[in-house]
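Shown next, in structure tokens, is the structure this report addresses.
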Amino acid sequence: MGRAAVVVVLLALLAGCTAKPEDLGPLPKVTHPQAEVPKDRDEPAVLAALRQTDACALLGPDAKVYPANVTPKAKGPHRCAIRRDDNGDEIEVVLGDLFGPGPRFGRELITIGGAKAYQWVLDGECLVHLPVSFRLAIKFWGRKGAQSAGSDEICSVTRGFAAYAVTRLSIQDSPKPGLPLADWDACQLLTAALGANPDKYALGINESLYGVDSCGADPREPERASPAVGLTIRYGGDPAAEGDVRTIGGMRVRVYQFSDACTLAWSNGNDVLLELRAPDCARAEGYAAAAMARLRDPAPPAGPLWRPLTYRPSEPDVGVAGACLDLSPDVNPQSCQPYVQVPVPAGDARVIQAAEADLNINCAIARDGVARHFGDLRPVTFDRGCAFVEPSHAVKISVYASRTPAMSDGRPVTVAGHEGRLMISRGDGRSDHKLSLSVGDKGSVLFEASLRPTRGTGDQARPDDSPASKLELFAADVMAKYFTG
């Protein structure tokens, strides 16, 4: 059923009701065609492209951020760092960092070199992520040294390297790796180590410090499969030079035994260090031997590569429709939908009746007032009515008309002749203002102003409370227009 037909059905239901307003019961729920949800990129192709990218080339002298004599050093097949000796500043790039919708929601959204990016400034650190899929990114991690000028400078340097990386990643022939084991990622090797039963495990990147160079495997059915195992690849010296050393698969292996786990570490040559952990040493030895045997053969074929890896600023990189990406960090793509324009019926009871049947009615009654008092916010429907959101995440205005009585908590208020309650709650970087107004025995209208620090300003930032002063004026406009009897 098209949107026009849905509106006709709603009007017919409203017009055909001849009962007294106070006797109106609930209408059937009105559904609209679901907005198209962006599709994620093909992850095997993204991983293949990451494996085929030289992390150190993204920090090369052509970036012209550091002097030409400052050169990067590989920390793993897909990790690289560059450090200035004069001030101790260090920039590290990690390919395939876990970076899903939650972190993206809280980070400052910026554009670098024509590509979408996210920035987070900490005390002495600066993180810049270039998303490459809905859950993975290339991370640039800047850490200031003892002689550094401060966070502003380290962020400028970090963004400079990220901008250079965008130019390299945006071309079809991105820099190819020439580093040991660069044709592998940790999950490929761990799959081989698990032998005949890899399908019993859910494999995935598990260490933000290592990106695709670290993988964990959790049992899909814990009662039938072994507990979790993990594998990390990095560069470093031979760990078997001391300590508890055994020979496994023809190689000298350092053993670290703990009460609930066993970790094996060995050198695969060329300063390649592998670490495998399992619940006990017996299983760890079996997995390690299988991994050693597989590394004697060529790496799996690369397969199709996703190019370009970066996102355009307007390109969706979260799997929700439209403005729903600004609703919350854990938004449900099935329950949140962009606003669909609908007509508002006349009469208190019929407005409430329609608002419960079609959440878009809540947006329709509030849209003009939101624009007047709060500016350019975009409406979406969710399971608690309608929310008006914006990209900085500093202000969210929600409205929900229902047949439930006004809330009893909070300070008594009267707005546009309607009695109600105002409740204010603050803490943990939030400021929430709830105004519940009675519509007599017909129900109530709940107005909420959810105020947060502007995204990217840090955990210690405080929200701007000034929009809350407009909540009662906004509510008065809505009540005077739609709830007059």
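Labels used: A, B, ... for chains in the order of the structure tokens, numbers from 1 for residues in each chain, and numbers from 1 for ligands as shown.
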Each residue of region 174-194 of chain A lying at most 8 Å from region 76-90 of chain A should get a row with its shortest atom-to-atom pair and the distance in Å to one decimal, counting only C-alpha atoms; could you produce that, ordered by chain and increasing number, as JSON lines?
{"residue": "A:Leu179", "atom": "CA", "partner": "A:Pro77", "partner_atom": "CA", "distance": 5.9}
{"residue": "A:Pro180", "atom": "CA", "partner": "A:Pro77", "partner_atom": "CA", "distance": 6.3}
{"residue": "A:Leu181", "atom": "CA", "partner": "A:Pro77", "partner_atom": "CA", "distance": 5.9}
{"residue": "A:Ala182", "atom": "CA", "partner": "A:Pro77", "partner_atom": "CA", "distance": 4.6}
Write the residues of the preceding selection, restricted to N, CA and C atoms, as a PDB file, in the first residue's frame.
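As written to disk, again-v4.pdb reads:
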ATOM      1  N   LEU A 179      55.442  -5.893   3.609  1.00  0.00           N
ATOM      2  CA  LEU A 179      55.861  -6.290   4.943  1.00  0.00           C
ATOM      3  C   LEU A 179      55.613  -7.779   5.170  1.00  0.00           C
ATOM      4  N   PRO A 180      56.375  -8.403   6.060  1.00  0.00           N
ATOM      5  CA  PRO A 180      56.165  -9.823   6.358  1.00  0.00           C
ATOM      6  C   PRO A 180      54.748 -10.105   6.852  1.00  0.00           C
ATOM      7  N   LEU A 181      54.131 -11.136   6.321  1.00  0.00           N
ATOM      8  CA  LEU A 181      52.790 -11.614   6.659  1.00  0.00           C
ATOM      9  C   LEU A 181      51.693 -10.597   6.328  1.00  0.00           C
ATOM     10  N   ALA A 182      51.994  -9.604   5.492  1.00  0.00           N
ATOM     11  CA  ALA A 182      50.987  -8.597   5.146  1.00  0.00           C
ATOM     12  C   ALA A 182      49.875  -9.173   4.282  1.00  0.00           C
TER      13      ALA A 182
END
Practice problem: Might you pull out every residue within 10 Å of Cys155 (chain A), with only C-alpha atoms counted and same-chain residues fewer than 6 positions away left off, and present them as a ChimeraX atom specification? | Solution: /A:91,119-122,124-128,140-144,161
Practice problem: Report the distance between CA of Pro329 (chain A) and CA of Pro103 (chain A) in Å, rounded to one decimal place. | Solution: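 CA of Pro103 (chain A) lies 7.6 Å from CA of Pro329 (chain A).
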Practice problem: Quick one: pick out all helix (DSSP H, G or I) residues within region 186-267 of chain A from a backbone DSSP run and write them as a ChimeraX atom specification. | Solution: /A:186-193,198-200,211-213,239-241
Dump as a PDB file, in the first residue's frame, selection limited to C-alpha atoms:
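Printed below is again.pdb as written:
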ATOM      1  CA  ALA A 186      44.731 -12.614  11.969  1.00  0.00           C
ATOM      2  CA  CYS A 187      41.231 -14.006  11.399  1.00  0.00           C
ATOM      3  CA  GLN A 188      42.322 -15.863   8.259  1.00  0.00           C
ATOM      4  CA  LEU A 189      45.133 -17.522  10.182  1.00  0.00           C
ATOM      5  CA  LEU A 190      42.991 -18.263  13.232  1.00  0.00           C
ATOM      6  CA  THR A 191      40.403 -19.912  10.969  1.00  0.00           C
ATOM      7  CA  ALA A 192      43.140 -22.238   9.736  1.00  0.00           C
ATOM      8  CA  ALA A 193      44.332 -22.876  13.300  1.00  0.00           C
ATOM      9  CA  PRO A 198      35.900 -23.059  12.263  1.00  0.00           C
ATOM     10  CA  ASP A 199      32.148 -22.797  11.638  1.00  0.00           C
ATOM     11  CA  LYS A 200      31.530 -23.493  15.329  1.00  0.00           C
ATOM     12  CA  GLY A 211      43.123  -3.875  13.996  1.00  0.00           C
ATOM     13  CA  VAL A 212      43.144  -6.752  11.497  1.00  0.00           C
ATOM     14  CA  ASP A 213      46.344  -8.049  13.116  1.00  0.00           C
ATOM     15  CA  PRO A 239      60.068 -14.374  22.680  1.00  0.00           C
ATOM     16  CA  ALA A 240      61.613 -17.847  23.047  1.00  0.00           C
ATOM     17  CA  ALA A 241      64.985 -16.451  24.083  1.00  0.00           C
TER      18      ALA A 241
END
Hey, what's within 9 Å of Cys324 (chain A) if we count only C-alpha atoms and toss same-chain stuff fewer than 5 positions away? As a PDB file with N, CA and C atoms, in the first residue's frame, please?
ATOM      1  N   VAL A 331      20.526   3.072  18.177  1.00  0.00           N
ATOM      2  CA  VAL A 331      19.226   3.151  17.533  1.00  0.00           C
ATOM      3  C   VAL A 331      18.881   1.846  16.824  1.00  0.00           C
ATOM      4  N   ASN A 332      17.625   1.444  16.932  1.00  0.00           N
ATOM      5  CA  ASN A 332      17.136   0.243  16.252  1.00  0.00           C
ATOM      6  C   ASN A 332      16.660   0.643  14.858  1.00  0.00           C
ATOM      7  N   PRO A 333      17.307   0.154  13.812  1.00  0.00           N
ATOM      8  CA  PRO A 333      16.910   0.569  12.455  1.00  0.00           C
ATOM      9  C   PRO A 333      15.508   0.129  12.075  1.00  0.00           C
ATOM     10  N   CYS A 336      13.030   2.965  14.207  1.00  0.00           N
ATOM     11  CA  CYS A 336      13.182   4.380  13.886  1.00  0.00           C
ATOM     12  C   CYS A 336      12.999   4.592  12.394  1.00  0.00           C
ATOM     13  N   GLN A 337      12.159   5.575  12.052  1.00  0.00           N
ATOM     14  CA  GLN A 337      11.901   5.889  10.645  1.00  0.00           C
ATOM     15  C   GLN A 337      11.818   7.398  10.464  1.00  0.00           C
ATOM     16  N   PRO A 338      12.301   7.916   9.330  1.00  0.00           N
ATOM     17  CA  PRO A 338      12.118   9.344   9.052  1.00  0.00           C
ATOM     18  C   PRO A 338      10.632   9.692   8.994  1.00  0.00           C
ATOM     19  N   PRO A 379      12.755  15.552  11.993  1.00  0.00           N
ATOM     20  CA  PRO A 379      11.883  14.640  12.747  1.00  0.00           C
ATOM     21  C   PRO A 379      12.042  13.185  12.325  1.00  0.00           C
ATOM     22  N   VAL A 380      11.985  12.298  13.322  1.00  0.00           N
ATOM     23  CA  VAL A 380      11.951  10.850  13.098  1.00  0.00           C
ATOM     24  C   VAL A 380      10.960  10.252  14.085  1.00  0.00           C
ATOM     25  N   THR A 381      10.363   9.133  13.724  1.00  0.00           N
ATOM     26  CA  THR A 381       9.498   8.423  14.657  1.00  0.00           C
ATOM     27  C   THR A 381      10.264   7.270  15.276  1.00  0.00           C
ATOM     28  N   PHE A 382       9.925   6.984  16.528  1.00  0.00           N
ATOM     29  CA  PHE A 382      10.512   5.839  17.231  1.00  0.00           C
ATOM     30  C   PHE A 382       9.469   5.330  18.202  1.00  0.00           C
ATOM     31  N   VAL A 389      15.878  15.763  15.808  1.00  0.00           N
ATOM     32  CA  VAL A 389      17.304  15.571  16.077  1.00  0.00           C
ATOM     33  C   VAL A 389      18.135  16.459  15.155  1.00  0.00           C
TER      34      VAL A 389
END
Quiz item: How many Å separate CA of Pro38 (chain A) from CA of Ala137 (chain A)?
Solution: 17.4 Å
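Between CA of Arg234 (chain A) and CA of Val272 (chain A) the interatomic distance comes to 6.1 Å.
Minimum atom-to-atom distance to Ala48 (chain A), evaluated using only C-alpha atoms, belongs to A:Pro304 out of A:Gly178, A:Gly145, A:Pro304, A:Gly230.
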Self-check item: Counting only C-alpha atoms, the residue of A:Val439, A:Val37, A:Leu50, A:Ala202 that sits nearest Ala321 (chain A)
Solution: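 Distance minimum relative to Ala321 (chain A) lands on A:Val37.
Ranking A:Thr232, A:Ser431, A:Asn360, A:Ser444 by their shortest atom-to-atom distance to Ala401 (chain A), with only C-alpha atoms included, puts A:Ser444 first.
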Near region 268-271 of chain A, counting only C-alpha atoms, which residues have an atom at most 9 Å away, once you skip same-chain residues fewer than 2 positions from it, shown as a PDB file with C-alpha atoms, in the first residue's frame?
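Once everything was written out, this is selection-v3.pdb:
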ATOM      1  CA  PRO A 180      56.165  -9.823   6.358  1.00  0.00           C
ATOM      2  CA  ARG A 234      52.984  -8.126  15.607  1.00  0.00           C
ATOM      3  CA  TYR A 235      56.630  -7.345  14.993  1.00  0.00           C
ATOM      4  CA  GLY A 236      59.251  -7.808  17.672  1.00  0.00           C
ATOM      5  CA  GLY A 237      62.111  -9.946  18.949  1.00  0.00           C
ATOM      6  CA  ASP A 238      62.132 -13.676  19.537  1.00  0.00           C
ATOM      7  CA  MET A 251      59.557 -24.161  16.388  1.00  0.00           C
ATOM      8  CA  TRP A 266      56.807 -17.610  18.823  1.00  0.00           C
ATOM      9  CA  LEU A 273      55.890 -12.431  16.498  1.00  0.00           C
ATOM     10  CA  LEU A 274      52.704 -14.476  16.849  1.00  0.00           C
ATOM     11  CA  MET A 292      52.546 -22.923  11.865  1.00  0.00           C
ATOM     12  CA  LEU A 295      52.035 -20.461   7.229  1.00  0.00           C
TER      13      LEU A 295
END
Quiz item: Hey, what's within 12 Å of Leu98 (chain A) if we count only C-alpha atoms and toss same-chain stuff fewer than 4 positions away? As a list in words, please?
Solution: Val94, Gly102, Pro103, Arg104, His129, Leu130, Pro131, Val132, Ser133, Phe134, Arg135, Leu136, Ala137, Ile138, Lys139, Gly204, Ile205, Asn206, Glu207, Ser208, Leu209, Tyr210, Gly211, Val212, Asp213, Ser214 and Cys215 of chain A
Quiz item: How would you write, as a ChimeraX atom specification, the set of residues in region 173-254 of chain A that DSSP gives as strand (DSSP E)?
Solution: /A:201-205,214-219,229-235,245-248,251-254
Selected residues, N, CA and C atoms, written as a PDB file, in the first residue's frame, please.
ATOM      1  N   TYR A 201      32.661 -21.358  15.503  1.00  0.00           N
ATOM      2  CA  TYR A 201      33.104 -20.148  16.182  1.00  0.00           C
ATOM      3  C   TYR A 201      32.669 -18.901  15.420  1.00  0.00           C
ATOM      4  N   ALA A 202      32.444 -17.830  16.158  1.00  0.00           N
ATOM      5  CA  ALA A 202      32.226 -16.514  15.569  1.00  0.00           C
ATOM      6  C   ALA A 202      33.544 -15.759  15.667  1.00  0.00           C
ATOM      7  N   LEU A 203      34.168 -15.511  14.529  1.00  0.00           N
ATOM      8  CA  LEU A 203      35.466 -14.862  14.498  1.00  0.00           C
ATOM      9  C   LEU A 203      35.313 -13.374  14.222  1.00  0.00           C
ATOM     10  N   GLY A 204      36.173 -12.579  14.818  1.00  0.00           N
ATOM     11  CA  GLY A 204      36.123 -11.147  14.564  1.00  0.00           C
ATOM     12  C   GLY A 204      37.301 -10.432  15.184  1.00  0.00           C
ATOM     13  N   ILE A 205      37.596  -9.248  14.661  1.00  0.00           N
ATOM     14  CA  ILE A 205      38.660  -8.418  15.202  1.00  0.00           C
ATOM     15  C   ILE A 205      38.353  -8.125  16.669  1.00  0.00           C
ATOM     16  N   SER A 214      44.758  -8.720  14.853  1.00  0.00           N
ATOM     17  CA  SER A 214      44.331  -9.465  16.030  1.00  0.00           C
ATOM     18  C   SER A 214      42.925  -9.998  15.809  1.00  0.00           C
ATOM     19  N   CYS A 215      42.680 -11.233  16.234  1.00  0.00           N
ATOM     20  CA  CYS A 215      41.379 -11.867  16.006  1.00  0.00           C
ATOM     21  C   CYS A 215      40.995 -12.717  17.207  1.00  0.00           C
ATOM     22  N   GLY A 216      39.712 -12.733  17.519  1.00  0.00           N
ATOM     23  CA  GLY A 216      39.187 -13.583  18.568  1.00  0.00           C
ATOM     24  C   GLY A 216      38.117 -14.512  18.019  1.00  0.00           C
ATOM     25  N   ALA A 217      37.977 -15.663  18.627  1.00  0.00           N
ATOM     26  CA  ALA A 217      36.975 -16.644  18.201  1.00  0.00           C
ATOM     27  C   ALA A 217      36.161 -17.060  19.415  1.00  0.00           C
ATOM     28  N   ASP A 218      34.869 -16.751  19.381  1.00  0.00           N
ATOM     29  CA  ASP A 218      33.967 -17.143  20.454  1.00  0.00           C
ATOM     30  C   ASP A 218      33.055 -18.264  19.964  1.00  0.00           C
ATOM     31  N   PRO A 219      32.808 -19.268  20.792  1.00  0.00           N
ATOM     32  CA  PRO A 219      31.948 -20.377  20.362  1.00  0.00           C
ATOM     33  C   PRO A 219      30.528 -19.927  20.094  1.00  0.00           C
ATOM     34  N   VAL A 229      39.282 -18.406  21.885  1.00  0.00           N
ATOM     35  CA  VAL A 229      40.708 -18.393  21.580  1.00  0.00           C
ATOM     36  C   VAL A 229      41.002 -17.093  20.833  1.00  0.00           C
ATOM     37  N   GLY A 230      42.277 -16.718  20.771  1.00  0.00           N
ATOM     38  CA  GLY A 230      42.640 -15.486  20.093  1.00  0.00           C
ATOM     39  C   GLY A 230      44.026 -15.579  19.496  1.00  0.00           C
ATOM     40  N   LEU A 231      44.279 -14.751  18.481  1.00  0.00           N
ATOM     41  CA  LEU A 231      45.567 -14.740  17.798  1.00  0.00           C
ATOM     42  C   LEU A 231      45.932 -13.298  17.461  1.00  0.00           C
ATOM     43  N   THR A 232      47.178 -12.930  17.737  1.00  0.00           N
ATOM     44  CA  THR A 232      47.684 -11.598  17.423  1.00  0.00           C
ATOM     45  C   THR A 232      48.999 -11.719  16.673  1.00  0.00           C
ATOM     46  N   ILE A 233      49.165 -10.859  15.662  1.00  0.00           N
ATOM     47  CA  ILE A 233      50.400 -10.807  14.882  1.00  0.00           C
ATOM     48  C   ILE A 233      51.019  -9.429  15.084  1.00  0.00           C
ATOM     49  N   ARG A 234      52.280  -9.405  15.472  1.00  0.00           N
ATOM     50  CA  ARG A 234      52.984  -8.126  15.607  1.00  0.00           C
ATOM     51  C   ARG A 234      54.458  -8.347  15.314  1.00  0.00           C
ATOM     52  N   TYR A 235      55.192  -7.257  15.234  1.00  0.00           N
ATOM     53  CA  TYR A 235      56.630  -7.345  14.993  1.00  0.00           C
ATOM     54  C   TYR A 235      57.385  -7.139  16.292  1.00  0.00           C
ATOM     55  N   VAL A 245      60.129 -22.500  27.658  1.00  0.00           N
ATOM     56  CA  VAL A 245      60.197 -22.686  26.208  1.00  0.00           C
ATOM     57  C   VAL A 245      59.964 -24.151  25.866  1.00  0.00           C
ATOM     58  N   ARG A 246      59.089 -24.369  24.872  1.00  0.00           N
ATOM     59  CA  ARG A 246      58.837 -25.715  24.366  1.00  0.00           C
ATOM     60  C   ARG A 246      59.005 -25.713  22.854  1.00  0.00           C
ATOM     61  N   THR A 247      59.126 -26.910  22.291  1.00  0.00           N
ATOM     62  CA  THR A 247      59.187 -27.051  20.840  1.00  0.00           C
ATOM     63  C   THR A 247      57.834 -27.553  20.347  1.00  0.00           C
ATOM     64  N   ILE A 248      57.211 -26.773  19.481  1.00  0.00           N
ATOM     65  CA  ILE A 248      55.897 -27.110  18.925  1.00  0.00           C
ATOM     66  C   ILE A 248      55.964 -26.921  17.416  1.00  0.00           C
ATOM     67  N   MET A 251      59.136 -25.513  16.056  1.00  0.00           N
ATOM     68  CA  MET A 251      59.557 -24.161  16.388  1.00  0.00           C
ATOM     69  C   MET A 251      59.617 -23.981  17.908  1.00  0.00           C
ATOM     70  N   ARG A 252      60.563 -23.138  18.337  1.00  0.00           N
ATOM     71  CA  ARG A 252      60.694 -22.827  19.761  1.00  0.00           C
ATOM     72  C   ARG A 252      59.602 -21.834  20.157  1.00  0.00           C
ATOM     73  N   VAL A 253      58.887 -22.169  21.225  1.00  0.00           N
ATOM     74  CA  VAL A 253      57.702 -21.402  21.614  1.00  0.00           C
ATOM     75  C   VAL A 253      57.782 -21.039  23.096  1.00  0.00           C
ATOM     76  N   ARG A 254      57.531 -19.785  23.409  1.00  0.00           N
ATOM     77  CA  ARG A 254      57.467 -19.330  24.798  1.00  0.00           C
ATOM     78  C   ARG A 254      56.060 -19.601  25.322  1.00  0.00           C
TER      79      ARG A 254
END
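Each of A:Ser450, A:Val340, A:Pro308, A:Arg41 was compared to Asp464 (chain A) using only C-alpha atoms, and A:Ser450 turns out to be the nearest.
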Quiz item: In terms of the shortest atom-to-atom distance over only C-alpha atoms, which of A:Val30, A:Ala115, A:Ala68, A:Ala476 is closest to Thr310 (chain A)?
Solution: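 Comparing A:Val30, A:Ala115, A:Ala68, A:Ala476 against Thr310 (chain A), the winner is A:Ala115.
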Quiz prompt | Closest of A:Leu169, A:Cys363, A:Ala394, A:Ala278 to Phe258 (chain A) - atom-to-atom distances counting only C-alpha atoms | solution =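 Among the listed residues, A:Ala278 lies closest to Phe258 (chain A).
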Quiz prompt | Contacts of Gly456 (chain A) within 9 Å, only C-alpha atoms, excl. fewer than 4 positions in-chain, as number ranges by chain | solution = A: 105-109, 118-121, 392
